[in-house]
Structures are given as structure tokens and as C-alpha cells.
file target-v6.txt (compact mmCIF, C-alpha atoms)
# COMPACT_ATOMS: atom_id res chain seq x y z
CA MET A 1 65.42 161.44 64.01
CA SER A 2 66.38 157.78 64.22
CA VAL A 3 67.83 155.88 61.30
CA LEU A 4 64.68 153.75 61.20
CA LYS A 5 62.42 156.81 60.93
CA THR A 6 64.65 158.29 58.24
CA ILE A 7 64.44 155.09 56.20
CA ARG A 8 60.66 155.00 56.68
CA TRP A 9 60.23 158.60 55.43
CA LEU A 10 62.47 157.90 52.44
CA ALA A 11 60.36 154.85 51.60
CA VAL A 12 57.14 156.87 51.88
CA GLY A 13 58.63 159.58 49.65
CA ALA A 14 59.64 157.02 47.05
CA ILE A 15 56.16 155.49 47.02
CA LEU A 16 54.50 158.90 46.67
CA GLY A 17 56.88 159.72 43.85
CA LEU A 18 55.96 156.54 42.01
CA VAL A 19 52.25 157.24 42.48
CA ALA A 20 52.68 160.79 41.15
CA ALA A 21 54.67 159.54 38.18
CA TRP A 22 52.01 156.91 37.43
CA GLY A 23 49.26 159.53 37.56
CA PHE A 24 51.22 161.90 35.32
CA HIS A 25 51.83 159.09 32.83
CA PHE A 26 48.13 158.41 32.48
CA TRP A 27 47.31 162.14 32.22
CA ARG A 28 50.02 162.81 29.65
CA GLU A 29 49.30 159.79 27.48
CA GLY A 30 45.55 160.22 27.59
CA HIS A 31 44.83 156.93 29.33
CA THR A 32 42.39 156.48 32.17
CA PRO A 33 42.69 153.55 34.58
CA ASP A 34 38.92 153.02 34.51
CA PRO A 35 37.14 154.87 31.67
CA ALA A 36 33.74 153.82 33.00
CA SER A 37 34.37 155.79 36.19
CA LEU A 38 34.56 159.01 34.16
CA ALA A 39 30.97 158.70 32.95
CA GLY A 40 28.90 161.67 34.01
CA SER A 41 31.83 164.08 34.17
CA SER A 42 30.88 167.74 33.83
CA ILE A 43 33.14 168.12 30.77
CA GLY A 44 31.11 168.67 27.63
CA GLY A 45 27.72 170.13 26.84
CA PRO A 46 25.60 171.71 24.14
CA PHE A 47 27.07 173.91 21.44
CA GLU A 48 25.82 175.68 18.34
CA LEU A 49 28.51 176.57 15.84
CA VAL A 50 29.12 176.88 12.10
CA ASP A 51 31.04 174.31 10.07
CA GLN A 52 33.43 174.77 7.16
CA THR A 53 30.55 174.80 4.68
CA GLY A 54 28.73 177.57 6.55
CA ALA A 55 26.06 175.23 7.94
CA THR A 56 24.91 175.51 11.57
CA ARG A 57 25.91 172.44 13.58
CA ARG A 58 24.74 171.44 17.04
CA ASP A 59 26.15 168.84 19.40
CA ALA A 60 22.87 166.90 19.30
CA GLU A 61 23.52 166.03 15.63
CA PHE A 62 26.36 163.76 16.69
CA ARG A 63 24.41 161.66 19.17
CA GLY A 64 24.84 157.97 18.47
CA ARG A 65 28.48 158.49 17.49
CA TYR A 66 31.61 159.01 19.53
CA MET A 67 33.32 162.39 19.10
CA LEU A 68 37.02 163.23 19.19
CA ILE A 69 37.08 166.97 19.86
CA TYR A 70 40.05 169.31 19.78
CA PHE A 71 39.99 173.07 20.40
CA GLY A 72 42.66 175.06 18.57
CA PHE A 73 43.19 177.48 15.68
CA THR A 74 44.36 177.19 12.10
CA PHE A 75 47.34 179.54 12.53
CA CYS A 76 48.70 177.37 15.36
CA PRO A 77 52.32 176.46 14.52
CA ASP A 78 52.75 173.20 16.42
CA ALA A 79 50.33 171.77 19.02
CA CYS A 80 47.21 171.92 16.83
CA PRO A 81 48.58 170.20 13.72
CA THR A 82 50.30 167.64 15.96
CA ALA A 83 47.04 166.79 17.74
CA LEU A 84 44.89 166.74 14.61
CA LEU A 85 47.30 164.59 12.61
CA ALA A 86 47.55 162.20 15.57
CA MET A 87 43.75 161.96 15.62
CA ALA A 88 43.67 161.18 11.90
CA ASP A 89 46.46 158.62 12.23
CA ALA A 90 44.75 156.93 15.19
CA LEU A 91 41.49 156.66 13.24
CA ASP A 92 43.35 155.08 10.33
CA ARG A 93 44.84 152.53 12.72
CA ILE A 94 41.51 151.28 14.09
CA GLY A 95 39.97 150.44 10.71
CA PRO A 96 36.16 150.12 10.46
CA LEU A 97 35.79 151.13 14.12
CA ALA A 98 36.62 154.68 13.01
CA ASP A 99 33.21 154.88 11.33
CA ARG A 100 31.71 155.19 14.81
CA ILE A 101 33.80 158.27 15.62
CA GLN A 102 33.41 161.85 14.40
CA PRO A 103 36.61 163.94 14.64
CA ILE A 104 35.86 167.61 15.33
CA PHE A 105 38.08 170.70 15.37
CA ILE A 106 36.63 173.73 17.18
CA SER A 107 38.40 177.03 16.56
CA VAL A 108 39.19 179.35 19.45
CA ASP A 109 40.12 182.08 16.97
CA PRO A 110 36.79 183.06 15.39
CA GLU A 111 38.16 186.39 14.17
CA ARG A 112 40.45 184.70 11.64
CA ASP A 113 39.00 181.21 11.38
CA THR A 114 36.08 181.81 9.06
CA PRO A 115 34.28 178.85 7.46
CA GLU A 116 36.35 179.46 4.32
CA GLN A 117 39.59 179.39 6.29
CA LEU A 118 38.53 176.21 8.07
CA ALA A 119 37.52 174.50 4.84
CA GLY A 120 41.00 174.39 3.37
CA TYR A 121 42.58 173.56 6.71
CA VAL A 122 40.46 170.56 7.70
CA ASP A 123 40.51 169.15 4.18
CA ALA A 124 44.30 169.19 4.27
CA VAL A 125 44.33 167.35 7.61
CA ASP A 126 41.62 164.73 7.04
CA PRO A 127 38.41 164.80 4.97
CA ARG A 128 36.57 163.20 7.90
CA LEU A 129 37.32 166.19 10.12
CA VAL A 130 34.50 168.66 10.83
CA GLY A 131 35.76 172.19 11.45
CA LEU A 132 33.63 174.46 13.62
CA THR A 133 33.72 178.19 14.30
CA GLY A 134 31.15 180.85 15.11
CA SER A 135 30.71 184.17 16.82
CA PRO A 136 33.00 184.97 19.77
CA ALA A 137 30.05 184.31 22.09
CA GLN A 138 29.30 180.93 20.51
CA VAL A 139 32.94 179.85 20.70
CA ALA A 140 33.20 181.03 24.32
CA ALA A 141 30.10 179.01 25.26
CA ALA A 142 31.52 175.85 23.69
CA ALA A 143 34.88 176.38 25.39
CA ARG A 144 33.20 176.83 28.78
CA ALA A 145 31.27 173.60 28.32
CA TYR A 146 34.52 171.70 27.73
CA ARG A 147 36.50 173.58 30.38
CA VAL A 148 38.83 174.94 27.70
CA PHE A 149 40.97 177.95 28.49
CA TYR A 150 42.05 180.26 25.67
CA ARG A 151 43.27 183.80 25.25
CA LYS A 152 44.93 185.84 22.55
CA ALA A 153 48.67 186.14 23.14
CA THR A 154 50.45 189.48 22.76
CA PRO A 155 49.88 190.31 19.08
CA THR A 156 52.48 191.63 16.70
CA SER A 157 49.64 193.13 14.68
CA ALA A 158 45.87 192.99 14.46
CA THR A 159 46.07 189.90 12.25
CA GLU A 160 49.29 188.27 13.42
CA TYR A 161 49.09 186.68 16.85
CA LEU A 162 49.03 183.33 18.61
CA VAL A 163 46.31 182.00 20.89
CA ASP A 164 47.19 180.31 24.16
CA HIS A 165 44.75 177.45 24.74
CA THR A 166 44.10 174.14 26.45
CA SER A 167 45.59 171.46 24.22
CA LEU A 168 43.61 168.29 24.86
CA VAL A 169 41.70 165.88 22.66
CA TYR A 170 38.39 164.89 24.26
CA LEU A 171 36.71 161.56 23.61
CA MET A 172 32.97 161.90 24.07
CA GLY A 173 30.51 159.01 24.10
CA PRO A 174 27.47 158.47 21.85
CA ASP A 175 25.38 160.07 24.60
CA GLY A 176 27.60 163.18 24.65
CA LYS A 177 29.27 162.27 27.95
CA PHE A 178 33.00 162.63 28.53
CA LEU A 179 34.94 159.36 28.43
CA ALA A 180 38.67 160.14 28.18
CA HIS A 181 41.21 162.71 27.05
CA PHE A 182 44.57 162.78 25.32
CA SER A 183 47.32 165.38 25.32
CA HIS A 184 48.38 166.79 21.96
CA GLU A 185 51.61 164.80 22.37
CA THR A 186 49.90 161.43 22.70
CA ALA A 187 51.31 159.04 20.11
CA PRO A 188 48.77 157.85 17.51
CA GLU A 189 49.30 154.21 18.42
CA ARG A 190 48.50 154.93 22.07
CA MET A 191 45.42 156.90 21.10
CA ALA A 192 44.31 154.04 18.84
CA GLU A 193 44.85 151.55 21.67
CA THR A 194 42.56 153.55 23.95
CA LEU A 195 39.94 153.95 21.22
CA ARG A 196 39.89 150.18 20.60
CA ARG A 197 39.39 149.63 24.30
CA ILE A 198 36.54 152.12 24.72
CA VAL A 199 34.63 152.38 21.42
CA ARG A 200 31.96 149.74 20.93
call {"tool": "encode", "arguments": {"input": "target-v6.txt", "output": "C-alpha cells"}}
result
Amino acid sequence: MSVLKTIRWLAVGAILGLVAAWGFHFWREGHTPDPASLAGSSIGGPFELVDQTGATRRDAEFRGRYMLIYFGFTFCPDACPTALLAMADALDRIGPLADRIQPIFISVDPERDTPEQLAGYVDAVDPRLVGLTGSPAQVAAAARAYRVFYRKATPTSATEYLVDHTSLVYLMGPDGKFLAHFSHETAPERMAETLRRIVR
């Protein structure tokens, strides 16, 4: 291979590396280059679950408001509290605009996350947060709608175990359509920046 061809392939590799890094940055930080282009995504859909007060809640009740949705479980040691506290912090940062957004926490551990368990948990995180649980079938249906993977990790006992799960915060529009997502490691200020840009 000639020196010229070698230089050309190195240049192409460098460009592809930069493109990959750019794409990873936007995925990791929860930004989307063009949020409008995500409209109509298949992420999201109807759900029927039970909130921390024991009341039945359906996705249709939140139409007209944006939703920040995170799937996790109350016994989660790190990713879940990190994501939920970032959501709360981001909402604090955007002031009155936060009134247009409903933060929602959907449990993927219905066996332990009863409405009573959720009540104390969400109140400790943020009073604005709605906690949702339900039967295993109801939770599975909601997870499928949002393309969320979850499974019980190897338990140490019947009541002591972790749950592996997709750790993303979904921003849904007033019409219930997917707009953007954030990783659980997205900094609150970056999340707030995206919310200011999208929420109207």
C-alpha cells in the first residue's frame, strides 16, 4: 500500500472515530441533534398502573403535559436514585416551565414495590414525582411499550436481589410521543438545558 493510501485510510479512520464519539456524546448526555426528527418514534404507548396512593393511573391522564419517565426500583443502590434526583434537580432549574412536566417513576420490581413502598420513596425524592407499580403483567406491558429491558438478577434470597434494567429517562410530549432521552448519568444542568429547548 502506498504512503498516500495509508494516509488516506488513517484520515478516514480519524473522521469515523470523531463521528462515533460525537454520536456517543449525544446518546450519553441525552441530547438529540434535532428533537423534532424523533417525533413519531415507536417508544412509548398506553399503560395502566397503580400509583403510590393505590389509585389506577393511565397514560391518557397525562395528555397535555410533558412526561419525564424513568423505569427502576426502590431497592436500586445507585442508578435509580441518581436518575431521579437529577430529574428533580433539572426541574428545579427550569422554574415555572417545570409545571408543564410530570415526572414519573415506574417500578420494574412489582413484587416488592407496593404502593406503600413507593409512597415513602417518591416523597423522599420529590413530592412532584408520581410512582407507579402494578401486577407483573401490567409492568411488563408498560416496559414493552417503552422498549425497557429488565430482569431479576441472581438473588441472595427471595426478598434480597437486584434488578438489571434499562436506565434511561424518557421525555414524552403532551401528545404522548417520544421526544428525547437521557442516561441516568446526565448532569442536571444538561437535562435542564434540553428541557428548556424542547418544552413549550
call {"tool": "closest_atom_pairs", "arguments": {"input": "target-v6.txt", "of": "region 91-118 of chain A", "to": "region 43-55 of chain A", "cutoff": "9 Å", "atoms": "all atoms listed in the file", "output": "tab-separated table"}}
result
residue	atom	partner	partner_atom	distance
A:Ile106	CA	A:Leu49	CA	8.7
A:Thr114	CA	A:Gln52	CA	7.8
A:Pro115	CA	A:Gln52	CA	4.2
A:Glu116	CA	A:Gln52	CA	6.2
A:Gln117	CA	A:Gln52	CA	7.7
A:Leu118	CA	A:Gln52	CA	5.4
call {"tool": "residues_around", "arguments": {"input": "target-v6.txt", "residues": "region 120-128 of chain A", "least_positions_apart": "4", "cutoff": "9 Å", "atoms": "only C-alpha atoms", "output": "MDAnalysis selection string"}}
result
chainID A and resid 52 74 81 84:85 88 102:105 116
call {"tool": "axis_aligned_box", "arguments": {"input": "target-v6.txt", "around": "region 166-169 of chain A", "padding_each_side": "5 Å", "output": "JSON"}}
result
{"center_x": 43.6, "center_y": 170.0, "center_z": 24.6, "size_x": 13.9, "size_y": 18.3, "size_z": 13.8}
call {"tool": "atom_distance", "arguments": {"input": "target-v6.txt", "atom1": "CA of Ile198 (chain A)", "atom2": "CA of Ile69 (chain A)"}}
result
15.6 Å
call {"tool": "atom_distance", "arguments": {"input": "target-v6.txt", "atom1": "CA of Ala141 (chain A)", "atom2": "CA of Met87 (chain A)"}}
result
23.9 Å
call {"tool": "closest_residue", "arguments": {"input": "target-v6.txt", "among": "A:Phe73, A:Ser183, A:Arg200, A:Gly176", "to": "Ala60 (chain A)", "atoms": "all atoms listed in the file"}}
result
A:Gly176
call {"tool": "atom_distance", "arguments": {"input": "target-v6.txt", "atom1": "CA of Phe71 (chain A)", "atom2": "CA of Ser107 (chain A)"}}
result
5.7 Å
call {"tool": "residues_around", "arguments": {"input": "target-v6.txt", "residues": "region 158-174 of chain A", "least_positions_apart": "5", "cutoff": "6 Å", "atoms": "only C-alpha atoms", "output": "PDB file with C-alpha atoms, keeping the file's coordinate frame"}}
result
ATOM      1  CA  ARG A  63      24.410 161.660  19.170  1.00  0.00           C
ATOM      2  CA  GLY A  64      24.840 157.970  18.470  1.00  0.00           C
ATOM      3  CA  ARG A  65      28.480 158.490  17.490  1.00  0.00           C
ATOM      4  CA  TYR A  66      31.610 159.010  19.530  1.00  0.00           C
ATOM      5  CA  MET A  67      33.320 162.390  19.100  1.00  0.00           C
ATOM      6  CA  LEU A  68      37.020 163.230  19.190  1.00  0.00           C
ATOM      7  CA  ILE A  69      37.080 166.970  19.860  1.00  0.00           C
ATOM      8  CA  TYR A  70      40.050 169.310  19.780  1.00  0.00           C
ATOM      9  CA  VAL A 148      38.830 174.940  27.700  1.00  0.00           C
ATOM     10  CA  PHE A 149      40.970 177.950  28.490  1.00  0.00           C
ATOM     11  CA  TYR A 150      42.050 180.260  25.670  1.00  0.00           C
ATOM     12  CA  ARG A 151      43.270 183.800  25.250  1.00  0.00           C
ATOM     13  CA  LYS A 152      44.930 185.840  22.550  1.00  0.00           C
ATOM     14  CA  ALA A 153      48.670 186.140  23.140  1.00  0.00           C
ATOM     15  CA  LEU A 179      34.940 159.360  28.430  1.00  0.00           C
ATOM     16  CA  ALA A 180      38.670 160.140  28.180  1.00  0.00           C
ATOM     17  CA  HIS A 181      41.210 162.710  27.050  1.00  0.00           C
ATOM     18  CA  PHE A 182      44.570 162.780  25.320  1.00  0.00           C
ATOM     19  CA  SER A 183      47.320 165.380  25.320  1.00  0.00           C
ATOM     20  CA  HIS A 184      48.380 166.790  21.960  1.00  0.00           C
TER      21      HIS A 184
END
call {"tool": "closest_residue", "arguments": {"input": "target-v6.txt", "among": "A:Asp78, A:Asp175, A:Glu61, A:Asp92", "to": "Arg196 (chain A)", "atoms": "all atoms listed in the file"}}
result
A:Asp92
call {"tool": "build_atoms", "arguments": {"input": "target-v6.txt", "residues": "region 133-144 of chain A", "atoms": "all heavy atoms", "output": "mmCIF file, keeping the file's coordinate frame"}}
result
data_model
loop_
_atom_site.group_PDB
_atom_site.id
_atom_site.type_symbol
_atom_site.label_atom_id
_atom_site.label_comp_id
_atom_site.auth_asym_id
_atom_site.auth_seq_id
_atom_site.Cartn_x
_atom_site.Cartn_y
_atom_site.Cartn_z
ATOM 1 N N THR A 133 33.416 176.840 13.833
ATOM 2 C CA THR A 133 33.720 178.190 14.300
ATOM 3 C C THR A 133 32.392 178.858 14.625
ATOM 4 O O THR A 133 31.358 178.181 14.722
ATOM 5 C CB THR A 133 34.528 178.969 13.248
ATOM 6 O OG1 THR A 133 34.937 180.224 13.800
ATOM 7 C CG2 THR A 133 33.740 179.208 11.968
ATOM 8 N N GLY A 134 32.394 180.153 14.792
ATOM 9 C CA GLY A 134 31.150 180.850 15.110
ATOM 10 C C GLY A 134 31.454 182.242 15.607
ATOM 11 O O GLY A 134 32.577 182.741 15.448
ATOM 12 N N SER A 135 30.494 182.854 16.235
ATOM 13 C CA SER A 135 30.710 184.170 16.820
ATOM 14 C C SER A 135 31.586 183.997 18.063
ATOM 15 O O SER A 135 31.673 182.898 18.624
ATOM 16 C CB SER A 135 29.378 184.798 17.217
ATOM 17 O OG SER A 135 28.804 184.094 18.309
ATOM 18 N N PRO A 136 32.232 185.076 18.526
ATOM 19 C CA PRO A 136 33.000 184.970 19.770
ATOM 20 C C PRO A 136 32.180 184.417 20.928
ATOM 21 O O PRO A 136 32.679 183.634 21.733
ATOM 22 C CB PRO A 136 33.449 186.406 20.020
ATOM 23 C CG PRO A 136 33.573 186.994 18.647
ATOM 24 C CD PRO A 136 32.417 186.395 17.874
ATOM 25 N N ALA A 137 30.913 184.795 20.995
ATOM 26 C CA ALA A 137 30.050 184.310 22.090
ATOM 27 C C ALA A 137 29.781 182.819 21.951
ATOM 28 O O ALA A 137 29.770 182.082 22.952
ATOM 29 C CB ALA A 137 28.739 185.084 22.102
ATOM 30 N N GLN A 138 29.551 182.357 20.732
ATOM 31 C CA GLN A 138 29.300 180.930 20.510
ATOM 32 C C GLN A 138 30.532 180.092 20.845
ATOM 33 O O GLN A 138 30.435 179.029 21.461
ATOM 34 C CB GLN A 138 28.886 180.686 19.061
ATOM 35 C CG GLN A 138 27.490 181.163 18.721
ATOM 36 C CD GLN A 138 27.199 181.009 17.237
ATOM 37 O OE1 GLN A 138 28.007 181.367 16.388
ATOM 38 N NE2 GLN A 138 26.035 180.451 16.928
ATOM 39 N N VAL A 139 31.693 180.565 20.423
ATOM 40 C CA VAL A 139 32.940 179.850 20.700
ATOM 41 C C VAL A 139 33.213 179.834 22.203
ATOM 42 O O VAL A 139 33.608 178.801 22.765
ATOM 43 C CB VAL A 139 34.111 180.499 19.940
ATOM 44 C CG1 VAL A 139 35.449 179.943 20.425
ATOM 45 C CG2 VAL A 139 33.952 180.279 18.444
ATOM 46 N N ALA A 140 32.981 180.950 22.868
ATOM 47 C CA ALA A 140 33.200 181.030 24.320
ATOM 48 C C ALA A 140 32.294 180.055 25.064
ATOM 49 O O ALA A 140 32.716 179.412 26.034
ATOM 50 C CB ALA A 140 32.970 182.454 24.811
ATOM 51 N N ALA A 141 31.049 179.923 24.609
ATOM 52 C CA ALA A 141 30.100 179.010 25.260
ATOM 53 C C ALA A 141 30.560 177.562 25.107
ATOM 54 O O ALA A 141 30.494 176.770 26.057
ATOM 55 C CB ALA A 141 28.710 179.196 24.678
ATOM 56 N N ALA A 142 31.032 177.207 23.915
ATOM 57 C CA ALA A 142 31.520 175.850 23.690
ATOM 58 C C ALA A 142 32.759 175.569 24.531
ATOM 59 O O ALA A 142 32.902 174.496 25.123
ATOM 60 C CB ALA A 142 31.822 175.637 22.212
ATOM 61 N N ALA A 143 33.656 176.538 24.596
ATOM 62 C CA ALA A 143 34.880 176.380 25.390
ATOM 63 C C ALA A 143 34.554 176.216 26.872
ATOM 64 O O ALA A 143 35.168 175.389 27.560
ATOM 65 C CB ALA A 143 35.807 177.571 25.173
ATOM 66 N N ARG A 144 33.596 176.968 27.368
ATOM 67 C CA ARG A 144 33.200 176.830 28.780
ATOM 68 C C ARG A 144 32.663 175.431 29.049
ATOM 69 O O ARG A 144 32.962 174.830 30.085
ATOM 70 C CB ARG A 144 32.149 177.877 29.139
ATOM 71 C CG ARG A 144 32.699 179.253 29.441
ATOM 72 C CD ARG A 144 31.671 180.125 30.146
ATOM 73 N NE ARG A 144 30.450 180.281 29.369
ATOM 74 C CZ ARG A 144 30.252 181.232 28.458
ATOM 75 N NH1 ARG A 144 31.223 182.103 28.200
ATOM 76 N NH2 ARG A 144 29.114 181.314 27.800
#
